[in-house]
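**Q** Have a look at this one.
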Amino acid sequence: MKEQHIETKCLHSGYDPKNGEPRVLPIYQSTTYRYESSEAMARLFDLKDEGYFYTRLQNPTNDAVAAKIAALEGGVMAVLTSSGQAASFYSVFNIAGAGDHIIASSAIYGGTFNLFSVTMKKLGFDFTFVSPDITLEELNKEFKPNTKAVFAEVLSNPSLAVLDIEKFAAAAHAHDVPLIVDNTFPTPVNCRPFEFGADIVTHSTTKYMDGHATSVGGVIIDSGNFDWEKTDKFPGLTTPDESYHGITYTKQFGKEAYIRKAVAQLMRDLGSIPAPQNCFLLNLGLETLPLRIERHCKNAVKVAEYLENNDKIAWVNYPGLKSNKYYDLAKKYMPNGTSGVISFGIKGGRAAATKFQDSLKLASIATHVADCRTCILYPAGTTHRQLTDEQLIACGVPDDLLRLSVGIENVEDIIDDIEQALSLV
């Protein structure tokens, strides 16, 4: 058969039931697994055989969902984590440590910015934050001998900056480091970063992948394309690991080395695993992902056009609008649509924004984004409130920014709710 389309992969990848087995992926709600010999268990602990011995490292439900997401992104292997924040942390920590340097886009989710600039700084990491609009020449100047990776969001939360993936990949590869990108908002339905040179992809599966606001989670997917042995920058992958009997991950696992190390070391020691029940729910969300993403984007375009033509709106930022400065980049990397998220400002500043939010009836004020119900948030006062004014500007989050996550309700009802709330401002 030819390679299946993404709609088919969302339903069938990762789990292939045999004769008489459950058609729907089962929930393996067990911490442990029985074996009939000491030798069989020992070979698992030596990483010589495939199998399960403790759910902190691997679980059949979790692994099936991870395999599905790897197939959707076109990667060789994936690992699920307990949150998107854990995925961001692990993606970097798997190849870097105290004293190492990371280049990151400044236009990233406020929680990730805090993780990098505060918490990981305490652990000895050195981060340089750059504008997603930086020139290639200027970007190349930011690399240091101890730079280990470049990190960015394909479509930033909440500033909606579109990353020029090929530019950032070119700079990273010129300095023998991988490009890690967060693809949460576009999802693999709208963007496949590996096809443009990215090496590792992360997601907060809490968002569109789950789609129903039921389960917090994250995922890391490896393309298998980065040559870890080309440089001496990554000894954790290319030299013996004494905590696992001296195995060398690149020698033993080839293209799967990066994810295998994340499981064998990071999950073993830090244990940020998702529950099998959450993975089961995530899998249900994935089955309808293409349908929902299409509706989210269709609705968002209509809402963005309505806002752009409303006299009470100061500005609208949505890459799907022809007036948007990222429109051409969005068409290049996300030709079928960007996401259902719109940012905008209301004339009258913070007071008007607060009044508007409080007057909405259909849309909810929620510290969430990208689920099937329309919701809204004022980031500068919530998710990004720990940032200074200067940091807010660097992240592309002006003081009056409202983040609207357009759901899959009838778009006329969504616009009607916005209209009645605006009439009270």
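The chains in the structure tokens are called A, B, ... from first to last as shown; in each chain the residues are counted from 1, and the ligands are counted from 1 in the order shown.
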What are the closest atom pairs, with distances in Å to one decimal, for all residues of range 66-138 of chain A lying within 10 Å of range 260-265 of chain A? Consider only C-alpha atoms, order rows by chain and residue number, and present the result as a tab-separated table.
**A**
residue	atom	partner	partner_atom	distance
A:Met77	CA	A:Arg260	CA	8.6
A:Ala78	CA	A:Arg260	CA	9.0
A:Val79	CA	A:Val263	CA	7.3
A:Leu80	CA	A:Val263	CA	9.5
A:Tyr90	CA	A:Ala262	CA	7.3
A:Ser91	CA	A:Ala262	CA	8.3
A:Phe93	CA	A:Ala262	CA	8.9
A:Asn94	CA	A:Ala262	CA	6.0
A:Ile95	CA	A:Ala262	CA	9.2
**Q** Neighbouring residues of Val92 in chain A were defined as those with any atom within 8 Å, considering only C-alpha atoms; residues of the same chain fewer than 4 positions away were excluded. Please report them as a short mmCIF file (atom, residue, chain, number, x, y, z; two decimals) with N, CA and C atoms, in the first residue's frame.
**A**
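Once written, selection21.cif looks like this:
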data_model
loop_
_atom_site.label_atom_id
_atom_site.label_comp_id
_atom_site.auth_asym_id
_atom_site.auth_seq_id
_atom_site.Cartn_x
_atom_site.Cartn_y
_atom_site.Cartn_z
N SER A 88 8.92 19.79 27.21
CA SER A 88 9.89 20.85 26.90
C SER A 88 11.17 20.66 27.69
N ALA A 96 21.58 18.07 27.18
CA ALA A 96 22.35 19.18 27.74
C ALA A 96 22.34 19.10 29.26
N ALA A 149 21.59 23.13 21.59
CA ALA A 149 20.32 23.00 20.86
C ALA A 149 19.73 24.38 20.61
#
**Q** Can you list, as a list in words, every protein, DNA or RNA residue that comes within 12 Å of Ala64 in chain A when you count only C-alpha atoms, leaving out same-chain residues fewer than 5 positions away?
**A**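 The residues that qualify are Cys10, Leu11, His12, Ser13, Gly14, Tyr15, Asp16, Pro17, Val24, Leu25, Pro26, Ile27, Tyr28, Gln58, Asn59, Ile69, Ala70, Ala71, Met77, Ala78, Val79, Leu80, Pro276, Cys279, Phe280, Leu282 and Asn283 of chain A.
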**Q** I need the residues from that last selection saved to file as a tab-separated table (two decimals), in the first residue's frame (with N, CA and C atoms), if you can.
**A**
chain	number	residue	atom	x	y	z
A	10	CYS	N	-4.52	8.75	12.06
A	10	CYS	CA	-5.11	9.15	13.33
A	10	CYS	C	-6.00	8.05	13.90
A	11	LEU	N	-6.57	7.25	13.04
A	11	LEU	CA	-7.44	6.16	13.49
A	11	LEU	C	-6.70	4.84	13.69
A	12	HIS	N	-5.71	4.56	12.86
A	12	HIS	CA	-5.17	3.20	12.82
A	12	HIS	C	-3.72	3.04	13.27
A	13	SER	N	-2.92	4.09	13.28
A	13	SER	CA	-1.50	3.93	13.61
A	13	SER	C	-1.31	3.62	15.10
A	14	GLY	N	-0.24	2.88	15.38
A	14	GLY	CA	0.17	2.64	16.75
A	14	GLY	C	-0.38	1.39	17.39
A	15	TYR	N	-1.55	0.94	16.94
A	15	TYR	CA	-2.19	-0.23	17.54
A	15	TYR	C	-2.83	-1.07	16.45
A	16	ASP	N	-2.38	-2.32	16.36
A	16	ASP	CA	-2.83	-3.23	15.29
A	16	ASP	C	-3.35	-4.51	15.93
A	17	PRO	N	-4.63	-4.54	16.30
A	17	PRO	CA	-5.15	-5.72	16.99
A	17	PRO	C	-5.16	-6.96	16.10
A	24	VAL	N	-10.61	-1.60	20.05
A	24	VAL	CA	-10.21	-0.32	20.62
A	24	VAL	C	-9.03	-0.53	21.56
A	25	LEU	N	-8.04	0.36	21.49
A	25	LEU	CA	-6.86	0.24	22.35
A	25	LEU	C	-7.25	0.09	23.81
A	26	PRO	N	-6.82	-0.99	24.48
A	26	PRO	CA	-7.18	-1.19	25.89
A	26	PRO	C	-6.37	-0.29	26.82
A	27	ILE	N	-6.89	-0.11	28.01
A	27	ILE	CA	-6.17	0.59	29.07
A	27	ILE	C	-5.44	-0.46	29.90
A	28	TYR	N	-4.11	-0.45	29.83
A	28	TYR	CA	-3.31	-1.36	30.65
A	28	TYR	C	-3.01	-0.66	31.98
A	58	GLN	N	7.74	2.20	30.75
A	58	GLN	CA	6.95	1.89	29.56
A	58	GLN	C	5.65	1.21	29.95
A	59	ASN	N	4.63	1.42	29.11
A	59	ASN	CA	3.32	0.82	29.33
A	59	ASN	C	2.70	0.60	27.95
A	69	ILE	N	1.49	9.02	17.46
A	69	ILE	CA	1.92	10.41	17.27
A	69	ILE	C	3.21	10.47	16.47
A	70	ALA	N	4.13	9.53	16.69
A	70	ALA	CA	5.35	9.47	15.88
A	70	ALA	C	5.00	9.30	14.40
A	71	ALA	N	4.02	8.46	14.13
A	71	ALA	CA	3.59	8.26	12.74
A	71	ALA	C	2.98	9.52	12.15
A	77	MET	N	10.38	7.63	16.54
A	77	MET	CA	9.97	7.16	17.86
A	77	MET	C	9.53	8.36	18.69
A	78	ALA	N	8.67	8.10	19.67
A	78	ALA	CA	8.18	9.17	20.54
A	78	ALA	C	8.05	8.64	21.96
A	79	VAL	N	8.01	9.58	22.91
A	79	VAL	CA	7.74	9.23	24.30
A	79	VAL	C	6.74	10.24	24.84
A	80	LEU	N	5.73	9.73	25.54
A	80	LEU	CA	4.73	10.59	26.16
A	80	LEU	C	5.22	11.02	27.55
A	276	PRO	N	-2.01	5.67	32.14
A	276	PRO	CA	-2.60	4.96	31.00
A	276	PRO	C	-4.02	5.43	30.68
A	279	CYS	N	-3.75	8.47	28.60
A	279	CYS	CA	-3.32	8.13	27.23
A	279	CYS	C	-4.46	7.55	26.42
A	280	PHE	N	-5.33	6.77	27.07
A	280	PHE	CA	-6.52	6.25	26.41
A	280	PHE	C	-7.40	7.39	25.93
A	282	LEU	N	-6.42	10.50	25.39
A	282	LEU	CA	-5.67	11.19	24.34
A	282	LEU	C	-5.86	10.50	23.00
A	283	ASN	N	-5.84	9.18	23.01
A	283	ASN	CA	-6.01	8.42	21.78
A	283	ASN	C	-7.39	8.68	21.16
**Q** Write out as a ChimeraX atom specification each polymer residue whose atoms come within 8 Å of range 303-305 of chain A, counting only C-alpha atoms; drop sequence neighbours fewer than 6 positions from it.
**A** /A:316,318,321,342,406,411,414-415
**Q** Do you know which residues are at most 8 Å from Ser272 in chain A counting only C-alpha atoms, after dropping those on the same chain fewer than 6 positions away, and could you put them as an MDAnalysis selection string?
**A** chainID A and resid 56 81:83 86
**Q** Using only C-alpha atoms, can you tell me which of A:Val150, A:Val301, A:Ala213, A:Ala169 comes closest to Gly320 in chain A?
**A** A:Val301
**Q** Considering only C-alpha atoms, return as a PDB file with C-alpha atoms, in the first residue's frame whatever protein or nucleic-acid residues lie within 7 Å of Leu402 in chain A, sequence-local ones (same chain, fewer than 4 positions apart) excluded.
**A**
ATOM      1  CA  SER A 343      -4.962  37.350  19.631  1.00  0.00           C
ATOM      2  CA  PHE A 344      -6.407  40.854  19.591  1.00  0.00           C
ATOM      3  CA  GLY A 345      -6.745  44.066  21.552  1.00  0.00           C
ATOM      4  CA  LEU A 377      -7.721  34.564  28.465  1.00  0.00           C
ATOM      5  CA  TYR A 378      -5.827  37.730  29.317  1.00  0.00           C
ATOM      6  CA  PRO A 379      -2.208  36.385  29.294  1.00  0.00           C
TER       7      PRO A 379
END
**Q** May I have the residues within 9 Å of range 216-228 of chain A as a VMD selection string, using only C-alpha atoms and disregarding those fewer than 4 positions away in the same chain?
**A** chain A and resid 66 69 to 70 73 to 88 90 to 91 173 176 to 178 194 197 to 207 210 232 to 235 237 to 238 250 254 to 259 273 to 274 278 to 279 282
**Q** Quick one: write out the picked residues with C-alpha atoms as a compact mmCIF listing (two decimals), in the first residue's frame?
**A**
# COMPACT_ATOMS: atom_id res chain seq x y z
CA ALA A 66 3.28 7.46 21.36
CA ILE A 69 1.92 10.41 17.27
CA ALA A 70 5.35 9.47 15.88
CA GLU A 73 4.74 13.60 12.67
CA GLY A 74 6.80 11.29 10.47
CA GLY A 75 9.29 10.49 13.24
CA VAL A 76 11.04 7.28 14.21
CA MET A 77 9.97 7.16 17.86
CA ALA A 78 8.18 9.17 20.54
CA VAL A 79 7.74 9.23 24.30
CA LEU A 80 4.73 10.59 26.16
CA THR A 81 5.19 12.76 29.24
CA SER A 82 2.90 13.89 32.05
CA SER A 83 2.63 17.45 30.69
CA GLY A 84 3.77 19.71 27.89
CA GLN A 85 6.12 21.40 30.35
CA ALA A 86 7.76 18.05 31.08
CA ALA A 87 8.17 17.48 27.33
CA SER A 88 9.89 20.85 26.90
CA TYR A 90 13.08 16.62 28.83
CA SER A 91 13.66 17.57 25.19
CA HIS A 173 22.81 22.46 11.65
CA ASP A 176 26.11 20.83 14.66
CA VAL A 177 23.16 21.07 17.04
CA PRO A 178 19.52 19.97 16.66
CA PHE A 194 10.55 17.40 10.11
CA GLY A 197 14.54 20.50 8.77
CA ALA A 198 13.47 20.31 12.42
CA ASP A 199 15.03 17.41 14.32
CA ILE A 200 12.85 17.00 17.41
CA VAL A 201 9.21 17.98 17.92
CA THR A 202 7.34 18.49 21.17
CA HIS A 203 3.66 18.99 21.93
CA SER A 204 1.45 19.78 24.83
CA THR A 205 -1.02 17.02 24.08
CA THR A 206 -3.33 18.76 26.56
CA LYS A 207 -4.33 21.07 23.73
CA ASP A 210 -6.66 15.72 23.43
CA ASP A 232 31.55 15.39 20.36
CA LYS A 233 28.83 17.67 21.79
CA PHE A 234 26.57 14.82 22.94
CA PRO A 235 28.56 12.34 25.06
CA LEU A 237 24.33 9.57 23.57
CA THR A 238 27.66 8.64 22.03
CA THR A 250 23.77 5.50 19.35
CA GLY A 254 20.74 3.80 16.04
CA LYS A 255 18.10 6.33 14.97
CA GLU A 256 16.08 5.63 18.12
CA ALA A 257 18.95 6.64 20.44
CA TYR A 258 17.54 9.99 21.57
CA ILE A 259 14.14 8.65 22.68
CA ILE A 273 4.85 9.67 32.98
CA PRO A 274 1.21 10.05 31.94
CA ASN A 278 -5.02 9.71 30.23
CA CYS A 279 -3.32 8.13 27.23
CA LEU A 282 -5.67 11.19 24.34
**Q** Going by DSSP on the backbone, which bits of range 234-305 of chain A are helix (DSSP H, G or I)? Write them as a PDB file with N, CA and C atoms, in the first residue's frame, please.
**A**
ATOM      1  N   PRO A 235      27.994  13.568  24.492  1.00  0.00           N
ATOM      2  CA  PRO A 235      28.562  12.343  25.063  1.00  0.00           C
ATOM      3  C   PRO A 235      27.535  11.446  25.737  1.00  0.00           C
ATOM      4  N   GLY A 236      26.418  12.028  26.204  1.00  0.00           N
ATOM      5  CA  GLY A 236      25.383  11.210  26.824  1.00  0.00           C
ATOM      6  C   GLY A 236      24.785  10.192  25.873  1.00  0.00           C
ATOM      7  N   LEU A 237      24.857  10.481  24.586  1.00  0.00           N
ATOM      8  CA  LEU A 237      24.330   9.565  23.574  1.00  0.00           C
ATOM      9  C   LEU A 237      25.408   8.736  22.906  1.00  0.00           C
ATOM     10  N   THR A 238      26.612   9.261  22.862  1.00  0.00           N
ATOM     11  CA  THR A 238      27.658   8.641  22.032  1.00  0.00           C
ATOM     12  C   THR A 238      28.782   7.978  22.824  1.00  0.00           C
ATOM     13  N   GLU A 242      27.326   4.411  32.159  1.00  0.00           N
ATOM     14  CA  GLU A 242      27.686   3.483  33.231  1.00  0.00           C
ATOM     15  C   GLU A 242      26.474   3.094  34.076  1.00  0.00           C
ATOM     16  N   SER A 243      25.412   3.916  34.047  1.00  0.00           N
ATOM     17  CA  SER A 243      24.217   3.574  34.817  1.00  0.00           C
ATOM     18  C   SER A 243      23.392   2.493  34.121  1.00  0.00           C
ATOM     19  N   TYR A 244      23.783   2.154  32.884  1.00  0.00           N
ATOM     20  CA  TYR A 244      23.139   1.053  32.166  1.00  0.00           C
ATOM     21  C   TYR A 244      24.191   0.115  31.584  1.00  0.00           C
ATOM     22  N   TYR A 249      24.133   4.549  23.500  1.00  0.00           N
ATOM     23  CA  TYR A 249      22.796   4.593  22.900  1.00  0.00           C
ATOM     24  C   TYR A 249      22.834   4.634  21.382  1.00  0.00           C
ATOM     25  N   THR A 250      23.725   5.423  20.808  1.00  0.00           N
ATOM     26  CA  THR A 250      23.765   5.502  19.349  1.00  0.00           C
ATOM     27  C   THR A 250      24.205   4.175  18.738  1.00  0.00           C
ATOM     28  N   LYS A 251      25.064   3.449  19.427  1.00  0.00           N
ATOM     29  CA  LYS A 251      25.524   2.152  18.905  1.00  0.00           C
ATOM     30  C   LYS A 251      24.431   1.099  19.028  1.00  0.00           C
ATOM     31  N   GLN A 252      23.724   1.093  20.157  1.00  0.00           N
ATOM     32  CA  GLN A 252      22.747   0.038  20.392  1.00  0.00           C
ATOM     33  C   GLN A 252      21.404   0.300  19.725  1.00  0.00           C
ATOM     34  N   PHE A 253      21.024   1.585  19.611  1.00  0.00           N
ATOM     35  CA  PHE A 253      19.668   1.878  19.148  1.00  0.00           C
ATOM     36  C   PHE A 253      19.607   2.688  17.857  1.00  0.00           C
ATOM     37  N   GLY A 254      20.735   3.095  17.323  1.00  0.00           N
ATOM     38  CA  GLY A 254      20.744   3.802  16.044  1.00  0.00           C
ATOM     39  C   GLY A 254      19.887   5.050  16.053  1.00  0.00           C
ATOM     40  N   LYS A 255      18.945   5.151  15.111  1.00  0.00           N
ATOM     41  CA  LYS A 255      18.103   6.335  14.970  1.00  0.00           C
ATOM     42  C   LYS A 255      17.149   6.531  16.143  1.00  0.00           C
ATOM     43  N   GLU A 256      16.959   5.513  16.964  1.00  0.00           N
ATOM     44  CA  GLU A 256      16.078   5.633  18.123  1.00  0.00           C
ATOM     45  C   GLU A 256      16.825   6.061  19.385  1.00  0.00           C
ATOM     46  N   ALA A 257      18.108   6.391  19.264  1.00  0.00           N
ATOM     47  CA  ALA A 257      18.951   6.640  20.435  1.00  0.00           C
ATOM     48  C   ALA A 257      18.413   7.735  21.349  1.00  0.00           C
ATOM     49  N   TYR A 258      17.970   8.839  20.773  1.00  0.00           N
ATOM     50  CA  TYR A 258      17.541   9.992  21.567  1.00  0.00           C
ATOM     51  C   TYR A 258      16.347   9.643  22.462  1.00  0.00           C
ATOM     52  N   ILE A 259      15.319   9.002  21.899  1.00  0.00           N
ATOM     53  CA  ILE A 259      14.138   8.651  22.684  1.00  0.00           C
ATOM     54  C   ILE A 259      14.453   7.511  23.642  1.00  0.00           C
ATOM     55  N   ARG A 260      15.250   6.559  23.202  1.00  0.00           N
ATOM     56  CA  ARG A 260      15.612   5.449  24.095  1.00  0.00           C
ATOM     57  C   ARG A 260      16.324   5.967  25.347  1.00  0.00           C
ATOM     58  N   LYS A 261      17.198   6.940  25.170  1.00  0.00           N
ATOM     59  CA  LYS A 261      17.894   7.524  26.321  1.00  0.00           C
ATOM     60  C   LYS A 261      16.916   8.277  27.217  1.00  0.00           C
ATOM     61  N   ALA A 262      15.981   9.003  26.613  1.00  0.00           N
ATOM     62  CA  ALA A 262      14.988   9.731  27.408  1.00  0.00           C
ATOM     63  C   ALA A 262      14.179   8.784  28.287  1.00  0.00           C
ATOM     64  N   VAL A 263      13.842   7.621  27.751  1.00  0.00           N
ATOM     65  CA  VAL A 263      13.091   6.631  28.525  1.00  0.00           C
ATOM     66  C   VAL A 263      13.986   5.986  29.578  1.00  0.00           C
ATOM     67  N   ALA A 264      15.159   5.500  29.138  1.00  0.00           N
ATOM     68  CA  ALA A 264      16.027   4.730  30.031  1.00  0.00           C
ATOM     69  C   ALA A 264      16.594   5.568  31.171  1.00  0.00           C
ATOM     70  N   GLN A 265      16.894   6.833  30.914  1.00  0.00           N
ATOM     71  CA  GLN A 265      17.488   7.682  31.944  1.00  0.00           C
ATOM     72  C   GLN A 265      16.476   8.602  32.605  1.00  0.00           C
ATOM     73  N   LEU A 266      15.811   9.444  31.794  1.00  0.00           N
ATOM     74  CA  LEU A 266      14.977  10.499  32.377  1.00  0.00           C
ATOM     75  C   LEU A 266      13.704   9.953  33.004  1.00  0.00           C
ATOM     76  N   MET A 267      13.028   9.036  32.327  1.00  0.00           N
ATOM     77  CA  MET A 267      11.842   8.437  32.931  1.00  0.00           C
ATOM     78  C   MET A 267      12.209   7.580  34.134  1.00  0.00           C
ATOM     79  N   ARG A 268      13.333   6.898  34.036  1.00  0.00           N
ATOM     80  CA  ARG A 268      13.799   6.083  35.167  1.00  0.00           C
ATOM     81  C   ARG A 268      14.028   6.947  36.402  1.00  0.00           C
ATOM     82  N   ASP A 269      14.675   8.107  36.218  1.00  0.00           N
ATOM     83  CA  ASP A 269      15.104   8.911  37.356  1.00  0.00           C
ATOM     84  C   ASP A 269      14.121  10.004  37.760  1.00  0.00           C
ATOM     85  N   PRO A 276      -2.015   5.670  32.136  1.00  0.00           N
ATOM     86  CA  PRO A 276      -2.602   4.957  30.999  1.00  0.00           C
ATOM     87  C   PRO A 276      -4.024   5.427  30.682  1.00  0.00           C
ATOM     88  N   GLN A 277      -4.797   5.769  31.708  1.00  0.00           N
ATOM     89  CA  GLN A 277      -6.156   6.278  31.475  1.00  0.00           C
ATOM     90  C   GLN A 277      -6.103   7.575  30.658  1.00  0.00           C
ATOM     91  N   ASN A 278      -5.158   8.467  30.989  1.00  0.00           N
ATOM     92  CA  ASN A 278      -5.022   9.710  30.233  1.00  0.00           C
ATOM     93  C   ASN A 278      -4.613   9.448  28.789  1.00  0.00           C
ATOM     94  N   CYS A 279      -3.747   8.467  28.596  1.00  0.00           N
ATOM     95  CA  CYS A 279      -3.322   8.131  27.230  1.00  0.00           C
ATOM     96  C   CYS A 279      -4.465   7.546  26.419  1.00  0.00           C
ATOM     97  N   PHE A 280      -5.329   6.772  27.074  1.00  0.00           N
ATOM     98  CA  PHE A 280      -6.517   6.247  26.413  1.00  0.00           C
ATOM     99  C   PHE A 280      -7.405   7.394  25.933  1.00  0.00           C
ATOM    100  N   LEU A 281      -7.609   8.407  26.786  1.00  0.00           N
ATOM    101  CA  LEU A 281      -8.420   9.561  26.410  1.00  0.00           C
ATOM    102  C   LEU A 281      -7.746  10.368  25.305  1.00  0.00           C
ATOM    103  N   LEU A 282      -6.422  10.504  25.391  1.00  0.00           N
ATOM    104  CA  LEU A 282      -5.671  11.193  24.342  1.00  0.00           C
ATOM    105  C   LEU A 282      -5.861  10.497  23.002  1.00  0.00           C
ATOM    106  N   ASN A 283      -5.842   9.178  23.015  1.00  0.00           N
ATOM    107  CA  ASN A 283      -6.015   8.424  21.776  1.00  0.00           C
ATOM    108  C   ASN A 283      -7.392   8.683  21.156  1.00  0.00           C
ATOM    109  N   LEU A 284      -8.405   8.774  21.984  1.00  0.00           N
ATOM    110  CA  LEU A 284      -9.745   9.094  21.470  1.00  0.00           C
ATOM    111  C   LEU A 284      -9.753  10.476  20.813  1.00  0.00           C
ATOM    112  N   GLY A 285      -9.049  11.423  21.433  1.00  0.00           N
ATOM    113  CA  GLY A 285      -8.952  12.753  20.838  1.00  0.00           C
ATOM    114  C   GLY A 285      -8.234  12.734  19.501  1.00  0.00           C
ATOM    115  N   LEU A 286      -7.171  11.962  19.420  1.00  0.00           N
ATOM    116  CA  LEU A 286      -6.402  11.887  18.176  1.00  0.00           C
ATOM    117  C   LEU A 286      -7.234  11.358  17.016  1.00  0.00           C
ATOM    118  N   GLU A 287      -8.179  10.488  17.312  1.00  0.00           N
ATOM    119  CA  GLU A 287      -8.971   9.886  16.248  1.00  0.00           C
ATOM    120  C   GLU A 287      -9.783  10.921  15.463  1.00  0.00           C
ATOM    121  N   LEU A 289      -8.852  14.286  15.417  1.00  0.00           N
ATOM    122  CA  LEU A 289      -8.029  15.490  15.297  1.00  0.00           C
ATOM    123  C   LEU A 289      -8.177  16.199  13.947  1.00  0.00           C
ATOM    124  N   PRO A 290      -8.078  15.513  12.808  1.00  0.00           N
ATOM    125  CA  PRO A 290      -8.192  16.223  11.525  1.00  0.00           C
ATOM    126  C   PRO A 290      -9.542  16.913  11.341  1.00  0.00           C
ATOM    127  N   LEU A 291     -10.604  16.272  11.783  1.00  0.00           N
ATOM    128  CA  LEU A 291     -11.933  16.869  11.662  1.00  0.00           C
ATOM    129  C   LEU A 291     -12.039  18.130  12.496  1.00  0.00           C
ATOM    130  N   ARG A 292     -11.545  18.050  13.719  1.00  0.00           N
ATOM    131  CA  ARG A 292     -11.644  19.201  14.619  1.00  0.00           C
ATOM    132  C   ARG A 292     -10.751  20.353  14.167  1.00  0.00           C
ATOM    133  N   ILE A 293      -9.537  20.051  13.749  1.00  0.00           N
ATOM    134  CA  ILE A 293      -8.620  21.104  13.319  1.00  0.00           C
ATOM    135  C   ILE A 293      -9.186  21.858  12.118  1.00  0.00           C
ATOM    136  N   GLU A 294      -9.773  21.145  11.190  1.00  0.00           N
ATOM    137  CA  GLU A 294     -10.377  21.792  10.030  1.00  0.00           C
ATOM    138  C   GLU A 294     -11.470  22.769  10.465  1.00  0.00           C
ATOM    139  N   ARG A 295     -12.304  22.360  11.423  1.00  0.00           N
ATOM    140  CA  ARG A 295     -13.389  23.212  11.901  1.00  0.00           C
ATOM    141  C   ARG A 295     -12.845  24.389  12.712  1.00  0.00           C
ATOM    142  N   HIS A 296     -11.863  24.129  13.569  1.00  0.00           N
ATOM    143  CA  HIS A 296     -11.248  25.213  14.342  1.00  0.00           C
ATOM    144  C   HIS A 296     -10.737  26.317  13.410  1.00  0.00           C
ATOM    145  N   CYS A 297     -10.007  25.919  12.392  1.00  0.00           N
ATOM    146  CA  CYS A 297      -9.403  26.895  11.477  1.00  0.00           C
ATOM    147  C   CYS A 297     -10.452  27.637  10.667  1.00  0.00           C
ATOM    148  N   LYS A 298     -11.455  26.914  10.194  1.00  0.00           N
ATOM    149  CA  LYS A 298     -12.524  27.540   9.415  1.00  0.00           C
ATOM    150  C   LYS A 298     -13.252  28.584  10.252  1.00  0.00           C
ATOM    151  N   ASN A 299     -13.566  28.230  11.489  1.00  0.00           N
ATOM    152  CA  ASN A 299     -14.239  29.172  12.384  1.00  0.00           C
ATOM    153  C   ASN A 299     -13.355  30.367  12.710  1.00  0.00           C
ATOM    154  N   ALA A 300     -12.074  30.099  12.962  1.00  0.00           N
ATOM    155  CA  ALA A 300     -11.161  31.168  13.377  1.00  0.00           C
ATOM    156  C   ALA A 300     -10.988  32.220  12.289  1.00  0.00           C
ATOM    157  N   VAL A 301     -10.930  31.797  11.055  1.00  0.00           N
ATOM    158  CA  VAL A 301     -10.799  32.764   9.956  1.00  0.00           C
ATOM    159  C   VAL A 301     -11.997  33.716   9.946  1.00  0.00           C
ATOM    160  N   LYS A 302     -13.197  33.165  10.109  1.00  0.00           N
ATOM    161  CA  LYS A 302     -14.400  34.005  10.088  1.00  0.00           C
ATOM    162  C   LYS A 302     -14.440  34.953  11.286  1.00  0.00           C
ATOM    163  N   VAL A 303     -14.037  34.462  12.453  1.00  0.00           N
ATOM    164  CA  VAL A 303     -14.015  35.314  13.647  1.00  0.00           C
ATOM    165  C   VAL A 303     -12.956  36.405  13.504  1.00  0.00           C
ATOM    166  N   ALA A 304     -11.793  36.051  12.985  1.00  0.00           N
ATOM    167  CA  ALA A 304     -10.719  37.035  12.798  1.00  0.00           C
ATOM    168  C   ALA A 304     -11.146  38.122  11.819  1.00  0.00           C
ATOM    169  N   GLU A 305     -11.826  37.730  10.751  1.00  0.00           N
ATOM    170  CA  GLU A 305     -12.306  38.717   9.780  1.00  0.00           C
ATOM    171  C   GLU A 305     -13.352  39.636  10.410  1.00  0.00           C
TER     172      GLU A 305
END
**Q** With only C-alpha atoms as the basis for distance, which of A:Asn146, A:Thr61, A:Gln357, A:Ser159 is at the shortest distance from His101 in chain A?
**A**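 With only C-alpha atoms as the atom set, the closest residue is A:Asn146.
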**Q** Calculate how many Å separate CA of Pro22 in chain A from CA of His212 in chain A, rounding to one decimal.
**A**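 Result for CA of Pro22 in chain A versus CA of His212 in chain A: 24.1 Å, one decimal.
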**Q** As a count of residues only, please: every residue in range 152-381 of chain A that DSSP puts in strand (DSSP E).
**A** 32
**Q** If I take CA of Glu153 in chain A and CA of Val181 in chain A, how far is one from the other in Å, to one decimal?
**A** 5.2 Å
